[in-house]
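Participant: Take this structure, written in structure tokens, and hold onto it; I'll ask about it next.
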Amino acid sequence: MIKARVTITLKNGVLDPQGKAIEGALGALGFEGVGHVRQGKVFDLELDGEDRARAEADLKAMCEKLLANTVIENYTIALD
Amino acid sequence: MKSAVVQLPGLNRDRDMIAALTKISGQAPITVWQTETSIPDDVDLIVIPGGFSYGDYLRCGAIAARMPVMQAIKEKAEKGVKVLGVCNGFQILVEAGMLPGALMRNASLKFVCKEIKLQVVNAETDFTRAYAAGQIIRCPIAHHDGNYFVEAETLKSLEGNGQVVFKYAEGTNPNGSLNDIAGIINEKGNVLGMMPHPENLIEAAHGGSDGRGIFASALDVIAA
């Protein structure tokens with residue numbers, strides 16, 4: 001079994017109102033000097049088999065087809 | 001003219017849409033479930049209604065956009081059949097790649113449910129012929145993710161090609177959408193997506209009928 005983590009982040013230039021709100025809340029809590037907070041998503045997946053190259057290719061297809069919206073999001077794939 | 005309403009788990013405006021289509025065309029639409037792989041040939045207008053398909057999980061419309069019925073709708077759209085997506089229906093159309101851009105969380109981070117002023121920017125589409133260019137109509141909205149985004153190049157071509165069909169009237173943008181965009185059409189002119197709910201303003205009982213023209217145009221039943 002292969003364990004993988006997919007991380008989705010917003011592309012540069014895409015407005016992130018949630019990130020902005022979190023940034024404001026951190027400031028309100030007294031954390032100074034926090035800038036450019038961007039919110040993203042993390043998926044932890046378990047894949048059958050031991051073929052890492054295939055797992056990577058499958059994960060890329062999953063990101064392109066469903067996990068990420070490539071109009072606004074980037075993704076990175078990490079295998080354990 | 002025959003219409004069809006797509007049904008998916010979590011959509012909740014399907015009955016409103018069925019009522020609007022029935023009242024305006026005099027003929028009840030057929031309903032198409034998400035697992036269906038074909039749509040009858042005599043259907044001229046396919047409507048994806050609003051709601052919260054798949055609980056808005058992952059991203060609004062993301063899971064619905066990958067259901068088998070969407071492939072059937074894509075094939076029909078390629079042949080020129082009209083497709084209208086309202087609210088979650090619009091989100092599904094962008095997630096399915098049938099319209100450019102993405103619908104993101106409202107800039108206010110709040111769900112907005114109210115009536116807005118909508119400007120008909122392009123009154124020459126198959127969905128807006130009942131209106132005059134620049135006309136401002138009333139229309140209800142109810143959404144959490146209507147903040148339209150598209151990269152600069154595509155935005156330019158959308159504006160240049162008349163593909164921006166509806167904008168929130170000046171100063172009333174409820175969600176932070178780019179250029180006040182409320183609804184766009186594909187290049188071919190047969191797939192329209194819009195955040196506002198015209199199906200909820202079609203008769204006196206609704207307090208007005210400003211939304212009626214969209215269905216009358218698409219169903220080809222504009223009163224002379």
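In the structure tokens, the first chain shown is A, the next is B, and so on; residue numbers restart at 1 for each chain, and ligands run from 1 in the order shown.
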Pick out each residue of chain A that DSSP on the backbone tags as helix (DSSP H, G or I); I need them as number ranges by chain.
Facilitator: A: 17-28, 52-67
Participant: What residues in chain B lie within 8 Å of chain A, counting only C-alpha atoms, written as a ChimeraX atom specification?
Facilitator: /B:58,62-63,66,95,101-102,105-109,149-150
Participant: Any idea what's packed within 12 Å of Tyr168 of chain B, counting only C-alpha atoms, ignoring anything in its chain fewer than 5 positions away? Could you give it as a ChimeraX atom specification?
Facilitator: /B:115-121,134-141,146-148,173-183,194-196
Participant: Please produce an output containing C-alpha atoms for each residue in the selection, written as a PDB file, in the first residue's frame.
Facilitator:
```
ATOM      1  CA  GLU B 115     -33.402  40.464  -4.564  1.00  0.00           C
ATOM      2  CA  ILE B 116     -30.890  42.267  -6.756  1.00  0.00           C
ATOM      3  CA  LYS B 117     -30.939  44.411  -9.886  1.00  0.00           C
ATOM      4  CA  LEU B 118     -29.669  42.578 -12.898  1.00  0.00           C
ATOM      5  CA  GLN B 119     -28.551  44.250 -16.097  1.00  0.00           C
ATOM      6  CA  VAL B 120     -29.174  42.422 -19.367  1.00  0.00           C
ATOM      7  CA  VAL B 121     -25.874  43.183 -21.092  1.00  0.00           C
ATOM      8  CA  GLY B 134     -29.066  47.338 -21.050  1.00  0.00           C
ATOM      9  CA  GLN B 135     -32.449  46.675 -19.450  1.00  0.00           C
ATOM     10  CA  ILE B 136     -32.348  46.341 -15.694  1.00  0.00           C
ATOM     11  CA  ILE B 137     -34.570  43.646 -14.218  1.00  0.00           C
ATOM     12  CA  ARG B 138     -35.305  42.442 -10.710  1.00  0.00           C
ATOM     13  CA  CYS B 139     -34.091  38.966  -9.828  1.00  0.00           C
ATOM     14  CA  PRO B 140     -33.689  36.945  -6.620  1.00  0.00           C
ATOM     15  CA  ILE B 141     -30.320  35.518  -5.616  1.00  0.00           C
ATOM     16  CA  GLY B 146     -21.161  33.314  -6.679  1.00  0.00           C
ATOM     17  CA  ASN B 147     -17.897  35.183  -6.842  1.00  0.00           C
ATOM     18  CA  TYR B 148     -17.040  34.699 -10.512  1.00  0.00           C
ATOM     19  CA  ASN B 173     -22.525  43.414  -6.764  1.00  0.00           C
ATOM     20  CA  PRO B 174     -23.483  41.030  -3.910  1.00  0.00           C
ATOM     21  CA  ASN B 175     -20.530  38.630  -4.069  1.00  0.00           C
ATOM     22  CA  GLY B 176     -17.391  40.334  -5.404  1.00  0.00           C
ATOM     23  CA  SER B 177     -17.604  38.741  -8.836  1.00  0.00           C
ATOM     24  CA  LEU B 178     -15.151  40.014 -11.430  1.00  0.00           C
ATOM     25  CA  ASN B 179     -16.565  42.910 -13.503  1.00  0.00           C
ATOM     26  CA  ASP B 180     -19.925  42.419 -11.697  1.00  0.00           C
ATOM     27  CA  ILE B 181     -20.519  39.300 -13.807  1.00  0.00           C
ATOM     28  CA  ALA B 182     -23.752  37.460 -12.945  1.00  0.00           C
ATOM     29  CA  GLY B 183     -24.160  35.268 -16.019  1.00  0.00           C
ATOM     30  CA  MET B 194     -26.240  32.512 -14.216  1.00  0.00           C
ATOM     31  CA  MET B 195     -26.198  32.879 -10.441  1.00  0.00           C
ATOM     32  CA  PRO B 196     -29.600  34.645 -10.014  1.00  0.00           C
TER      33      PRO B 196
END
```
Participant: Write out as a compact mmCIF listing (two decimals) with all heavy atoms, in the first residue's frame which residues come within 6 Å of Gly89 of chain B when counting only C-alpha atoms, dropping same-chain ones fewer than 2 positions away.
Facilitator:
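Full text of part_11.txt as output:
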```txt
# COMPACT_ATOMS: atom_id res chain seq x y z
N ILE B 48 -30.26 22.87 -15.73
CA ILE B 48 -29.69 22.37 -14.47
C ILE B 48 -30.07 23.38 -13.40
O ILE B 48 -29.62 24.52 -13.43
CB ILE B 48 -28.16 22.21 -14.55
CG1 ILE B 48 -27.76 21.48 -15.83
CG2 ILE B 48 -27.64 21.47 -13.31
CD1 ILE B 48 -26.25 21.37 -16.03
N PRO B 49 -30.92 22.98 -12.46
CA PRO B 49 -31.43 23.94 -11.48
C PRO B 49 -30.44 24.18 -10.34
O PRO B 49 -29.34 23.63 -10.31
CB PRO B 49 -32.71 23.26 -10.97
CG PRO B 49 -32.47 21.81 -11.15
CD PRO B 49 -31.50 21.65 -12.29
N GLY B 50 -30.89 24.99 -9.38
CA GLY B 50 -30.04 25.34 -8.25
C GLY B 50 -30.16 24.38 -7.09
O GLY B 50 -30.99 23.46 -7.10
N GLY B 85 -27.96 26.78 -16.88
CA GLY B 85 -27.60 26.40 -15.51
C GLY B 85 -27.84 27.59 -14.60
O GLY B 85 -27.34 28.68 -14.85
N VAL B 86 -28.64 27.36 -13.56
CA VAL B 86 -28.96 28.44 -12.63
C VAL B 86 -28.33 28.13 -11.27
O VAL B 86 -28.52 27.04 -10.74
CB VAL B 86 -30.49 28.59 -12.49
CG1 VAL B 86 -30.84 29.50 -11.32
CG2 VAL B 86 -31.10 29.14 -13.78
N CYS B 87 -27.58 29.10 -10.74
CA CYS B 87 -27.00 28.98 -9.40
C CYS B 87 -26.09 27.75 -9.31
O CYS B 87 -25.05 27.71 -9.94
CB CYS B 87 -28.09 28.98 -8.34
SG CYS B 87 -27.48 29.44 -6.71
N GLN B 91 -22.60 26.67 -11.38
CA GLN B 91 -21.38 26.13 -10.78
C GLN B 91 -21.03 24.78 -11.41
O GLN B 91 -19.86 24.48 -11.68
CB GLN B 91 -21.56 25.99 -9.26
CG GLN B 91 -21.73 27.33 -8.56
CD GLN B 91 -22.31 27.21 -7.14
OE1 GLN B 91 -22.92 26.19 -6.80
NE2 GLN B 91 -22.14 28.24 -6.34
N ILE B 92 -22.05 23.97 -11.67
CA ILE B 92 -21.82 22.65 -12.29
C ILE B 92 -21.28 22.83 -13.71
O ILE B 92 -20.36 22.14 -14.12
CB ILE B 92 -23.12 21.82 -12.27
CG1 ILE B 92 -23.51 21.45 -10.82
CG2 ILE B 92 -22.96 20.54 -13.11
CD1 ILE B 92 -24.91 20.85 -10.68
```
Participant: Between atom CA of Leu99 of chain B and atom CA of Lys23 of chain B, what distance in Å does the model show, to one decimal?
Facilitator: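 Interatomic distance here is 28.1 Å.
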Participant: Tell me which of A:Leu10, A:Ala57, A:Ile22, A:Met1 sits closest to Leu45 of chain A, counting only C-alpha atoms.
Facilitator: A:Met1
